[in-house]
file start.cif (mmCIF, C-alpha atoms)
data_input
loop_
_atom_site.label_atom_id
_atom_site.label_comp_id
_atom_site.auth_asym_id
_atom_site.auth_seq_id
_atom_site.Cartn_x
_atom_site.Cartn_y
_atom_site.Cartn_z
CA MET A 1 -26.11 76.07 20.25
CA THR A 2 -25.90 75.71 16.52
CA LEU A 3 -22.65 73.77 16.83
CA TRP A 4 -24.37 71.39 19.23
CA TRP A 5 -27.08 70.68 16.70
CA VAL A 6 -24.45 70.23 14.03
CA GLY A 7 -22.69 67.76 16.32
CA ASP A 8 -25.95 65.90 16.90
CA ALA A 9 -26.51 65.72 13.17
CA VAL A 10 -23.04 64.37 12.58
CA LEU A 11 -23.53 61.87 15.39
CA VAL A 12 -26.79 60.55 14.04
CA ALA A 13 -26.10 60.84 10.33
CA VAL A 14 -22.43 59.83 10.18
CA VAL A 15 -21.07 58.24 13.34
CA LEU A 16 -23.99 55.94 14.03
CA PRO A 17 -24.16 54.51 10.48
CA VAL A 18 -20.41 54.07 10.36
CA VAL A 19 -20.43 52.23 13.68
CA ILE A 20 -23.27 50.02 12.57
CA VAL A 21 -21.61 49.22 9.25
CA LEU A 22 -18.30 48.34 10.90
CA LEU A 23 -19.96 46.16 13.51
CA HIS A 24 -22.08 44.43 10.89
CA ARG A 25 -19.05 43.62 8.81
CA THR A 26 -17.23 42.29 11.90
CA LEU A 27 -20.19 40.10 12.75
CA ARG A 28 -20.46 38.86 9.18
CA ALA A 29 -16.75 37.98 9.12
CA ALA A 30 -16.99 36.14 12.42
CA GLY A 31 -20.12 34.35 11.28
CA SER A 32 -18.44 33.22 8.08
CA ILE A 33 -15.67 31.52 10.06
CA VAL A 34 -18.09 29.27 11.93
CA PRO A 35 -19.11 27.04 8.99
CA SER A 36 -15.49 26.70 7.94
CA VAL A 37 -14.46 25.63 11.41
CA GLU A 38 -17.36 23.19 11.56
CA ALA A 39 -16.29 21.72 8.22
CA ILE A 40 -12.67 21.47 9.35
CA ALA A 41 -13.74 19.76 12.57
CA GLY A 42 -15.81 17.25 10.61
CA ALA A 43 -12.97 16.57 8.19
CA ALA A 44 -10.46 16.13 11.00
CA ALA A 45 -12.77 13.74 12.82
CA ALA A 46 -13.32 11.75 9.62
CA GLY A 47 -9.58 11.70 8.95
CA SER A 48 -8.90 10.48 12.43
CA LYS A 49 -11.48 7.75 11.99
CA ASP A 50 -9.95 6.74 8.66
CA LEU A 51 -6.62 6.32 10.38
CA ASP A 52 -8.01 3.70 12.74
CA ALA A 53 -6.62 1.12 10.32
CA GLY A 54 -3.15 2.57 10.83
CA ALA A 55 -2.64 0.16 13.70
CA LEU A 56 -2.85 -2.65 11.17
CA LEU A 57 0.48 -1.47 9.79
CA PHE A 58 2.12 -3.42 12.56
CA THR A 59 0.44 -6.55 11.19
CA THR A 60 1.47 -5.55 7.69
CA GLN A 61 5.06 -5.14 8.82
CA ASP A 62 4.98 -8.54 10.48
CA GLN A 63 3.46 -10.14 7.39
CA ALA A 64 6.01 -8.45 5.14
CA THR A 65 8.81 -9.71 7.34
CA ARG A 66 7.48 -13.25 7.22
CA THR A 67 6.89 -13.06 3.47
CA ILE A 68 10.39 -11.82 2.77
CA ALA A 69 11.78 -14.51 5.06
CA GLY A 70 9.79 -17.14 3.15
CA VAL A 71 10.92 -15.72 -0.16
CA ALA A 72 14.50 -15.82 1.04
CA GLU A 73 14.11 -19.45 2.06
CA TYR A 74 12.56 -20.35 -1.29
CA GLY A 75 15.30 -18.43 -3.05
CA GLY A 76 17.92 -20.34 -1.14
CA SER A 77 16.30 -23.62 -2.05
CA LEU A 78 16.01 -22.62 -5.70
CA ASP A 79 19.62 -21.55 -5.64
CA VAL A 80 20.51 -25.07 -4.58
CA ILE A 81 18.10 -26.88 -6.90
CA LEU A 82 18.64 -24.98 -10.13
CA ASP A 83 21.86 -24.71 -12.01
CA ASP A 84 23.28 -21.33 -12.69
CA ALA A 85 22.83 -19.88 -16.15
CA GLU A 86 25.51 -20.78 -18.58
CA ARG A 87 27.78 -17.92 -19.40
CA VAL A 88 27.96 -17.22 -23.11
CA MET B 1 -29.23 83.63 25.37
CA PRO B 2 -30.42 80.06 24.74
CA THR B 3 -33.61 78.90 26.26
CA PRO B 4 -33.61 75.89 28.61
CA LEU B 5 -35.93 74.03 26.20
CA ALA B 6 -33.54 74.42 23.28
CA ILE B 7 -30.61 73.15 25.36
CA SER B 8 -32.55 70.14 26.53
CA ALA B 9 -33.70 69.28 22.99
CA ALA B 10 -30.13 69.25 21.72
CA GLY B 11 -29.10 67.24 24.76
CA VAL B 12 -31.88 64.74 24.19
CA VAL B 13 -30.79 64.25 20.62
CA THR B 14 -27.21 63.76 21.75
CA ILE B 15 -28.25 61.29 24.40
CA ALA B 16 -30.44 59.43 21.92
CA GLY B 17 -27.63 59.23 19.41
CA VAL B 18 -25.17 57.94 21.99
CA ALA B 19 -27.76 55.47 23.23
CA LEU B 20 -28.31 54.16 19.73
CA ILE B 21 -24.57 53.74 19.24
CA VAL B 22 -24.24 51.92 22.53
CA ALA B 23 -27.19 49.70 21.68
CA ALA B 24 -25.71 48.85 18.32
CA LEU B 25 -22.39 48.09 19.98
CA VAL B 26 -24.06 45.80 22.48
CA VAL B 27 -26.11 43.94 19.92
CA TYR B 28 -23.33 43.40 17.44
CA LEU B 29 -20.61 42.70 19.98
CA VAL B 30 -22.75 40.11 21.72
CA SER B 31 -23.40 38.47 18.38
CA VAL B 32 -19.67 38.51 17.64
CA ILE B 33 -18.98 36.99 21.05
CA VAL B 34 -21.44 34.18 20.37
CA ALA B 35 -19.85 33.53 17.01
CA LEU B 36 -16.37 33.49 18.53
CA GLN B 37 -17.52 31.02 21.17
CA ARG B 38 -18.82 28.71 18.46
CA ILE B 39 -15.50 29.08 16.67
CA THR B 40 -13.64 28.22 19.86
CA ARG B 41 -15.72 25.07 20.38
CA GLY B 42 -15.14 24.05 16.78
CA LEU B 43 -11.41 24.63 17.09
CA ASP B 44 -11.34 22.55 20.24
CA ARG B 45 -12.85 19.66 18.31
CA VAL B 46 -10.38 20.24 15.48
CA ILE B 47 -7.45 20.20 17.89
CA ALA B 48 -8.68 16.99 19.47
CA SER B 49 -9.06 15.29 16.10
CA VAL B 50 -5.71 16.56 14.88
CA GLY B 51 -4.15 15.22 18.06
CA GLU B 52 -5.66 11.82 17.34
CA ILE B 53 -4.35 11.98 13.79
CA LEU B 54 -0.88 12.81 15.01
CA GLU B 55 -1.01 10.00 17.52
CA LYS B 56 -2.19 7.49 14.95
CA THR B 57 0.29 8.52 12.28
CA LYS B 58 3.27 8.62 14.60
CA PRO B 59 4.49 5.04 13.87
CA VAL B 60 3.67 5.15 10.15
CA ASN B 61 7.00 6.55 9.04
CA GLY B 62 9.07 3.96 10.82
CA ILE B 63 6.85 1.06 9.80
CA VAL B 64 6.69 2.05 6.15
CA THR B 65 10.44 2.60 6.10
CA ALA B 66 11.01 -0.84 7.60
CA ILE B 67 8.59 -2.47 5.16
CA ASN B 68 10.27 -0.73 2.23
CA ALA B 69 13.67 -1.85 3.47
CA GLN B 70 12.47 -5.45 3.69
CA LEU B 71 10.85 -5.29 0.28
CA ASP B 72 14.03 -3.79 -1.15
CA ALA B 73 16.01 -6.68 0.28
CA GLY B 74 13.51 -9.13 -1.22
CA VAL B 75 13.66 -7.46 -4.62
CA ASP B 76 17.44 -7.47 -4.53
CA ALA B 77 17.52 -11.15 -3.65
CA LEU B 78 14.96 -12.13 -6.30
CA GLU B 79 16.64 -10.05 -8.99
CA GLY B 80 19.99 -11.57 -8.15
CA LEU B 81 18.56 -15.07 -8.14
CA LEU B 82 16.74 -14.53 -11.43
CA VAL B 83 19.81 -13.17 -13.19
CA LYS B 84 22.01 -15.85 -11.67
CA LYS B 85 19.79 -18.71 -12.73
CA ALA B 86 18.29 -17.50 -15.97
CA GLY B 87 20.99 -15.22 -17.23
CA MET B 88 20.58 -11.57 -18.08
CA THR B 89 18.92 -12.12 -21.46
CA ASP B 90 16.44 -14.69 -20.24
CA ALA B 91 15.73 -12.68 -17.11
CA VAL B 92 14.88 -9.58 -19.11
CA GLY B 93 12.82 -11.69 -21.51
CA LEU B 94 10.91 -13.30 -18.65
CA LEU B 95 10.18 -9.96 -17.06
CA ASP B 96 9.13 -8.42 -20.32
CA GLY B 97 6.94 -11.41 -21.09
CA LEU B 98 5.20 -11.35 -17.74
CA TYR B 99 4.94 -7.57 -17.46
CA ALA B 100 4.92 -5.79 -20.79
CA GLY B 101 7.46 -2.99 -20.81
CA ALA B 102 9.28 -4.17 -17.71
CA GLY B 103 12.21 -5.25 -19.80
CA ALA B 104 12.83 -1.70 -20.93
CA ALA B 105 12.83 -0.53 -17.33
CA GLY B 106 15.51 -3.07 -16.56
CA LEU B 107 16.55 -4.40 -13.20
CA ARG B 108 17.39 -2.19 -10.30
CA ASN B 109 20.69 -3.74 -9.36
CA PHE B 110 21.76 -4.60 -12.90
CA PRO B 111 22.23 -1.51 -15.04
CA ASP B 112 23.03 -3.68 -18.06
CA ALA B 113 19.48 -5.01 -18.05
CA ALA B 114 18.12 -1.75 -19.44
CA THR B 115 20.24 -2.08 -22.55
CA THR B 116 19.62 -5.82 -22.99
CA LYS B 117 17.30 -6.62 -25.85
CA ALA B 118 14.45 -8.65 -24.47
CA PRO B 119 13.77 -11.84 -26.45
CA ARG B 120 10.20 -12.56 -27.45
CA ILE B 121 9.68 -15.22 -24.85
CA ALA B 122 6.06 -14.35 -24.24
CA GLU B 123 5.26 -14.79 -27.93
CA VAL B 124 6.71 -18.26 -27.95
CA TYR B 125 5.69 -19.70 -24.60
CA THR B 126 2.83 -19.19 -22.27
CA ARG B 127 3.55 -18.05 -18.75
CA GLY B 128 3.02 -21.54 -17.35
CA THR B 129 5.37 -23.01 -19.90
CA LEU B 130 7.96 -20.44 -19.01
CA THR B 131 7.76 -21.31 -15.35
CA LEU B 132 7.79 -25.05 -15.93
CA ALA B 133 10.61 -24.74 -18.42
CA ARG B 134 12.77 -22.91 -15.95
CA LEU B 135 11.90 -25.00 -12.92
CA GLY B 136 11.69 -28.45 -14.46
CA ARG B 137 13.83 -28.60 -17.51
CA GLU B 138 16.06 -25.59 -17.10
CA ALA B 139 15.76 -25.00 -20.82
CA PRO B 140 17.61 -22.02 -22.27
CA ILE B 141 14.37 -20.79 -23.69
CA ALA B 142 15.69 -17.60 -25.15
CA THR B 143 18.67 -18.80 -27.07
CA ALA B 144 16.78 -19.13 -30.33
CA ASN B 145 16.66 -16.35 -32.85
CA PRO B 146 13.82 -13.97 -31.93
CA ALA B 147 13.29 -13.21 -35.59
CA GLY B 148 12.60 -16.84 -36.40
CA PRO B 149 9.32 -18.66 -36.49
CA VAL B 150 7.28 -19.48 -33.45
CA LEU B 151 8.91 -22.36 -31.63
CA ARG B 152 5.95 -23.80 -29.81
CA ASN B 153 4.01 -26.61 -31.42
CA VAL B 154 0.45 -26.44 -30.24
CA GLU B 155 -0.18 -30.15 -30.86
CA TYR B 156 3.07 -31.54 -29.51
CA GLY B 157 4.10 -28.67 -27.33
CA SER B 158 5.90 -30.73 -24.74
CA LEU B 159 7.97 -32.71 -27.22
CA ALA B 160 8.76 -29.64 -29.28
CA ALA B 161 9.89 -27.75 -26.22
CA ARG B 162 12.05 -30.65 -25.11
CA LEU B 163 13.69 -30.99 -28.49
CA LEU B 164 14.40 -27.31 -28.90
CA TYR B 165 17.93 -27.47 -27.57
CA PRO B 166 19.01 -31.11 -27.60
CA ASP B 167 22.70 -30.32 -27.54
CA VAL B 168 22.52 -28.09 -24.53
CA ARG B 169 20.30 -29.87 -22.07
CA GLN B 170 20.18 -33.52 -23.13
CA GLY B 171 23.41 -34.50 -21.46
CA ARG B 172 21.73 -36.79 -18.99
CA PRO B 173 21.69 -40.60 -19.57
CA PRO B 174 19.23 -41.51 -22.32
CA ALA B 175 17.58 -44.23 -20.24
CA MET B 176 17.30 -43.69 -16.56
CA PRO B 177 16.71 -46.71 -14.32
CA ARG B 178 13.03 -47.19 -13.87
CA SER B 179 11.38 -46.77 -10.59
CA PRO B 180 10.84 -50.01 -8.66
CA VAL B 181 7.41 -51.56 -8.77
CA ILE B 182 5.93 -52.06 -5.36
CA GLY B 183 2.84 -53.80 -4.12
CA ALA B 184 1.53 -57.34 -3.77
CA ASP B 185 1.70 -57.95 -7.54
CA ALA B 186 5.23 -56.63 -7.90
CA PRO B 187 7.67 -59.04 -9.60
CA VAL B 188 10.19 -58.53 -6.86
CA GLN B 189 9.03 -58.68 -3.28
CA TYR B 190 11.14 -56.86 -0.83
CA GLU B 191 11.92 -58.06 2.68
CA GLN B 192 11.23 -61.68 1.81
CA ARG B 193 10.68 -63.68 4.96
CA GLU B 194 9.90 -67.31 5.58
CA ASP B 195 7.11 -66.68 7.95
CA ILE B 196 5.13 -64.57 5.50
CA GLY B 197 2.23 -66.67 4.24
CA ALA B 198 3.02 -69.58 6.61
CA PRO B 199 0.55 -70.68 9.34
CA ARG B 200 0.71 -68.55 12.36
CA LYS B 201 2.74 -69.93 15.22
CA ARG B 202 0.76 -70.74 18.31
CA MET B 203 2.32 -69.63 21.51
CA PRO B 204 2.12 -72.10 24.45
CA ALA B 205 -0.33 -71.17 27.16
CA ARG B 206 1.10 -70.60 30.64
CA GLY B 207 -1.62 -72.44 32.50
CA ARG B 208 -1.20 -75.69 30.57
CA ASP B 209 2.57 -75.66 30.99
CA ALA B 210 2.22 -75.29 34.77
CA ALA B 211 -0.27 -78.15 34.91
#
call {"tool": "encode", "arguments": {"input": "start.cif", "output": "structure tokens"}}
result
Amino acid sequence: MTLWWVGDAVLVAVVLPVVIVLLHRTLRAAGSIVPSVEAIAGAAAAGSKDLDAGALLFTTQDQATRTIAGVAEYGGSLDVILDDAERV
Amino acid sequence: MPTPLAISAAGVVTIAGVALIVAALVVYLVSVIVALQRITRGLDRVIASVGEILEKTKPVNGIVTAINAQLDAGVDALEGLLVKKAGMTDAVGLLDGLYAGAGAAGLRNFPDAATTKAPRIAEVYTRGTLTLARLGREAPIATANPAGPVLRNVEYGSLAARLLYPDVRQGRPPAMPRSPVIGADAPVQYEQREDIGAPRKRMPARGRDAA
């Protein structure tokens, strides 16, 4: 009978607080992840929105191709118009 | 021998303790479950956004590589043209005059450019003069001594620039044939015809000829 009361005392004074502390820490850790995940989700959505202009790279590539082609044509014309530098 | 009341009191305490533990487990575990569900929803949104990012950045590597290749080809062509037309010294001087410090960096396809001493072209000519000198007159603008005085005359800049190197670039005929004067008051009229200025010929009418 005395051992039973000792067991009850251990249950109430030790086991129950330990269980509550462990569960509270688990809940606190899980709760701390939520804001981080929300922030990551917001950042990812903003990053995805910022990359909407990525499709314009095709236009940039086309413009760069045309520009280089024009530069090459001008260079060819200048090569014909101007004399070469005199070698010293 | 224990009394039934004592046994039941110890049992009640045990049951109460176990009930408290179970209640704490339920409360906290349910809270953890709710938090994990929120985390799962957030991660779903993250995965969706990351998928969009991956989809949108998929062609970037190829496009940027192609643009860089084209720009490299353009730079190579322009560097070659500049060195071919202006010469290494003038090319380095032009670059250094337009972009301070670029002469020290040299040209990518011409390792000798890094060791070429850049003449002080920018201190003698303005950028516009440099461009016009190269395009119009093809003047060897950097052949003078960089340590000498400033070559540009602010009052007669054009004449001074033209007379800088008379022996090098004045090989053309001293007097070129003048351009022809055109117009009604020109001394020489082209395509002279007899009928110009004469009364207009009257064509015979068909009806009168038939009558």
call {"tool": "resolve_selection", "arguments": {"input": "start.cif", "expression": "the PyMOL selection byres ((chain B and resi 52-56) around 7)", "output": "list in words"}}
result
Ser48, Leu51 and Gly54 of chain A; Ala48, Ser49, Val50, Gly51, Thr57 and Lys58 of chain B
call {"tool": "atom_distance", "arguments": {"input": "start.cif", "atom1": "CA of Gly62 in chain B", "atom2": "CA of Ala55 in chain A"}}
result
12.6 Å
call {"tool": "resolve_selection", "arguments": {"input": "start.cif", "expression": "the PyMOL selection byres ((chain B) within 6 of (chain A))", "output": "list in words"}}
result
Thr14, Gly17, Ile21, Tyr28, Val32, Ala35, Ile39, Gly42, Arg45, Val46, Ser49, Ile53, Ile67, Gly74, Lys84, Lys85, Ala86 and Gly87 of chain B
call {"tool": "atom_distance", "arguments": {"input": "start.cif", "atom1": "CA of Gly197 in chain B", "atom2": "CA of Ala184 in chain B"}}
result
12.3 Å
call {"tool": "atom_distance", "arguments": {"input": "start.cif", "atom1": "CA of Glu73 in chain A", "atom2": "CA of Ile121 in chain B"}}
result
27.6 Å
call {"tool": "resolve_selection", "arguments": {"input": "start.cif", "expression": "the PyMOL selection byres ((chain B and resi 102-104) around 9)", "output": "list in words"}}
result
Ala91, Val92, Gly93, Leu94, Leu95, Asp96, Gly97, Leu98, Tyr99, Ala100, Gly101, Ala105, Gly106, Leu107, Ala113, Ala114, Thr115, Thr116, Lys117 and Ala118 of chain B
call {"tool": "write_last_selection", "arguments": {"input": "start.cif", "atoms": "C-alpha atoms", "output": "mmCIF file, keeping the file's coordinate frame"}}
result
data_model
loop_
_atom_site.group_PDB
_atom_site.id
_atom_site.type_symbol
_atom_site.label_atom_id
_atom_site.label_comp_id
_atom_site.auth_asym_id
_atom_site.auth_seq_id
_atom_site.Cartn_x
_atom_site.Cartn_y
_atom_site.Cartn_z
ATOM 1 C CA ALA B 91 15.730 -12.680 -17.110
ATOM 2 C CA VAL B 92 14.880 -9.580 -19.110
ATOM 3 C CA GLY B 93 12.820 -11.690 -21.510
ATOM 4 C CA LEU B 94 10.910 -13.300 -18.650
ATOM 5 C CA LEU B 95 10.180 -9.960 -17.060
ATOM 6 C CA ASP B 96 9.130 -8.420 -20.320
ATOM 7 C CA GLY B 97 6.940 -11.410 -21.090
ATOM 8 C CA LEU B 98 5.200 -11.350 -17.740
ATOM 9 C CA TYR B 99 4.940 -7.570 -17.460
ATOM 10 C CA ALA B 100 4.920 -5.790 -20.790
ATOM 11 C CA GLY B 101 7.460 -2.990 -20.810
ATOM 12 C CA ALA B 105 12.830 -0.530 -17.330
ATOM 13 C CA GLY B 106 15.510 -3.070 -16.560
ATOM 14 C CA LEU B 107 16.550 -4.400 -13.200
ATOM 15 C CA ALA B 113 19.480 -5.010 -18.050
ATOM 16 C CA ALA B 114 18.120 -1.750 -19.440
ATOM 17 C CA THR B 115 20.240 -2.080 -22.550
ATOM 18 C CA THR B 116 19.620 -5.820 -22.990
ATOM 19 C CA LYS B 117 17.300 -6.620 -25.850
ATOM 20 C CA ALA B 118 14.450 -8.650 -24.470
#
call {"tool": "axis_aligned_box", "arguments": {"input": "start.cif", "around": "range 34-38 of chain B", "padding_each_side": "4 Å", "output": "JSON"}}
result
{"center_x": -18.9, "center_y": 31.4, "center_z": 19.1, "size_x": 13.1, "size_y": 13.5, "size_z": 12.2}
call {"tool": "build_atoms", "arguments": {"input": "start.cif", "residues": "range 5-20 of chain B", "atoms": "N, CA and C atoms", "output": "mmCIF file, keeping the file's coordinate frame"}}
result
data_model
loop_
_atom_site.group_PDB
_atom_site.id
_atom_site.type_symbol
_atom_site.label_atom_id
_atom_site.label_comp_id
_atom_site.auth_asym_id
_atom_site.auth_seq_id
_atom_site.Cartn_x
_atom_site.Cartn_y
_atom_site.Cartn_z
ATOM 1 N N LEU B 5 -35.303 75.063 27.032
ATOM 2 C CA LEU B 5 -35.930 74.030 26.200
ATOM 3 C C LEU B 5 -35.040 73.662 25.029
ATOM 4 N N ALA B 6 -34.418 74.705 24.402
ATOM 5 C CA ALA B 6 -33.540 74.420 23.280
ATOM 6 C C ALA B 6 -32.346 73.603 23.721
ATOM 7 N N ILE B 7 -31.758 73.906 24.865
ATOM 8 C CA ILE B 7 -30.610 73.150 25.360
ATOM 9 C C ILE B 7 -31.010 71.701 25.618
ATOM 10 N N SER B 8 -32.126 71.494 26.218
ATOM 11 C CA SER B 8 -32.550 70.140 26.530
ATOM 12 C C SER B 8 -32.870 69.349 25.275
ATOM 13 N N ALA B 9 -33.397 70.001 24.237
ATOM 14 C CA ALA B 9 -33.700 69.280 22.990
ATOM 15 C C ALA B 9 -32.410 68.809 22.349
ATOM 16 N N ALA B 10 -31.410 69.673 22.293
ATOM 17 C CA ALA B 10 -30.130 69.250 21.720
ATOM 18 C C ALA B 10 -29.505 68.145 22.565
ATOM 19 N N GLY B 11 -29.643 68.283 23.886
ATOM 20 C CA GLY B 11 -29.100 67.240 24.760
ATOM 21 C C GLY B 11 -29.826 65.916 24.575
ATOM 22 N N VAL B 12 -31.124 65.994 24.401
ATOM 23 C CA VAL B 12 -31.880 64.740 24.190
ATOM 24 C C VAL B 12 -31.439 64.065 22.911
ATOM 25 N N VAL B 13 -31.239 64.849 21.884
ATOM 26 C CA VAL B 13 -30.790 64.250 20.620
ATOM 27 C C VAL B 13 -29.414 63.624 20.788
ATOM 28 N N THR B 14 -28.555 64.315 21.512
ATOM 29 C CA THR B 14 -27.210 63.760 21.750
ATOM 30 C C THR B 14 -27.301 62.443 22.523
ATOM 31 N N ILE B 15 -28.110 62.505 23.586
ATOM 32 C CA ILE B 15 -28.250 61.290 24.400
ATOM 33 C C ILE B 15 -28.851 60.151 23.591
ATOM 34 N N ALA B 16 -29.822 60.472 22.753
ATOM 35 C CA ALA B 16 -30.440 59.430 21.920
ATOM 36 C C ALA B 16 -29.443 58.847 20.949
ATOM 37 N N GLY B 17 -28.641 59.728 20.356
ATOM 38 C CA GLY B 17 -27.630 59.230 19.410
ATOM 39 C C GLY B 17 -26.616 58.337 20.100
ATOM 40 N N VAL B 18 -26.139 58.764 21.254
ATOM 41 C CA VAL B 18 -25.170 57.940 21.990
ATOM 42 C C VAL B 18 -25.804 56.619 22.420
ATOM 43 N N ALA B 19 -27.077 56.700 22.819
ATOM 44 C CA ALA B 19 -27.760 55.470 23.230
ATOM 45 C C ALA B 19 -27.898 54.509 22.066
ATOM 46 N N LEU B 20 -28.199 55.031 20.901
ATOM 47 C CA LEU B 20 -28.310 54.160 19.730
ATOM 48 C C LEU B 20 -26.957 53.512 19.404
#
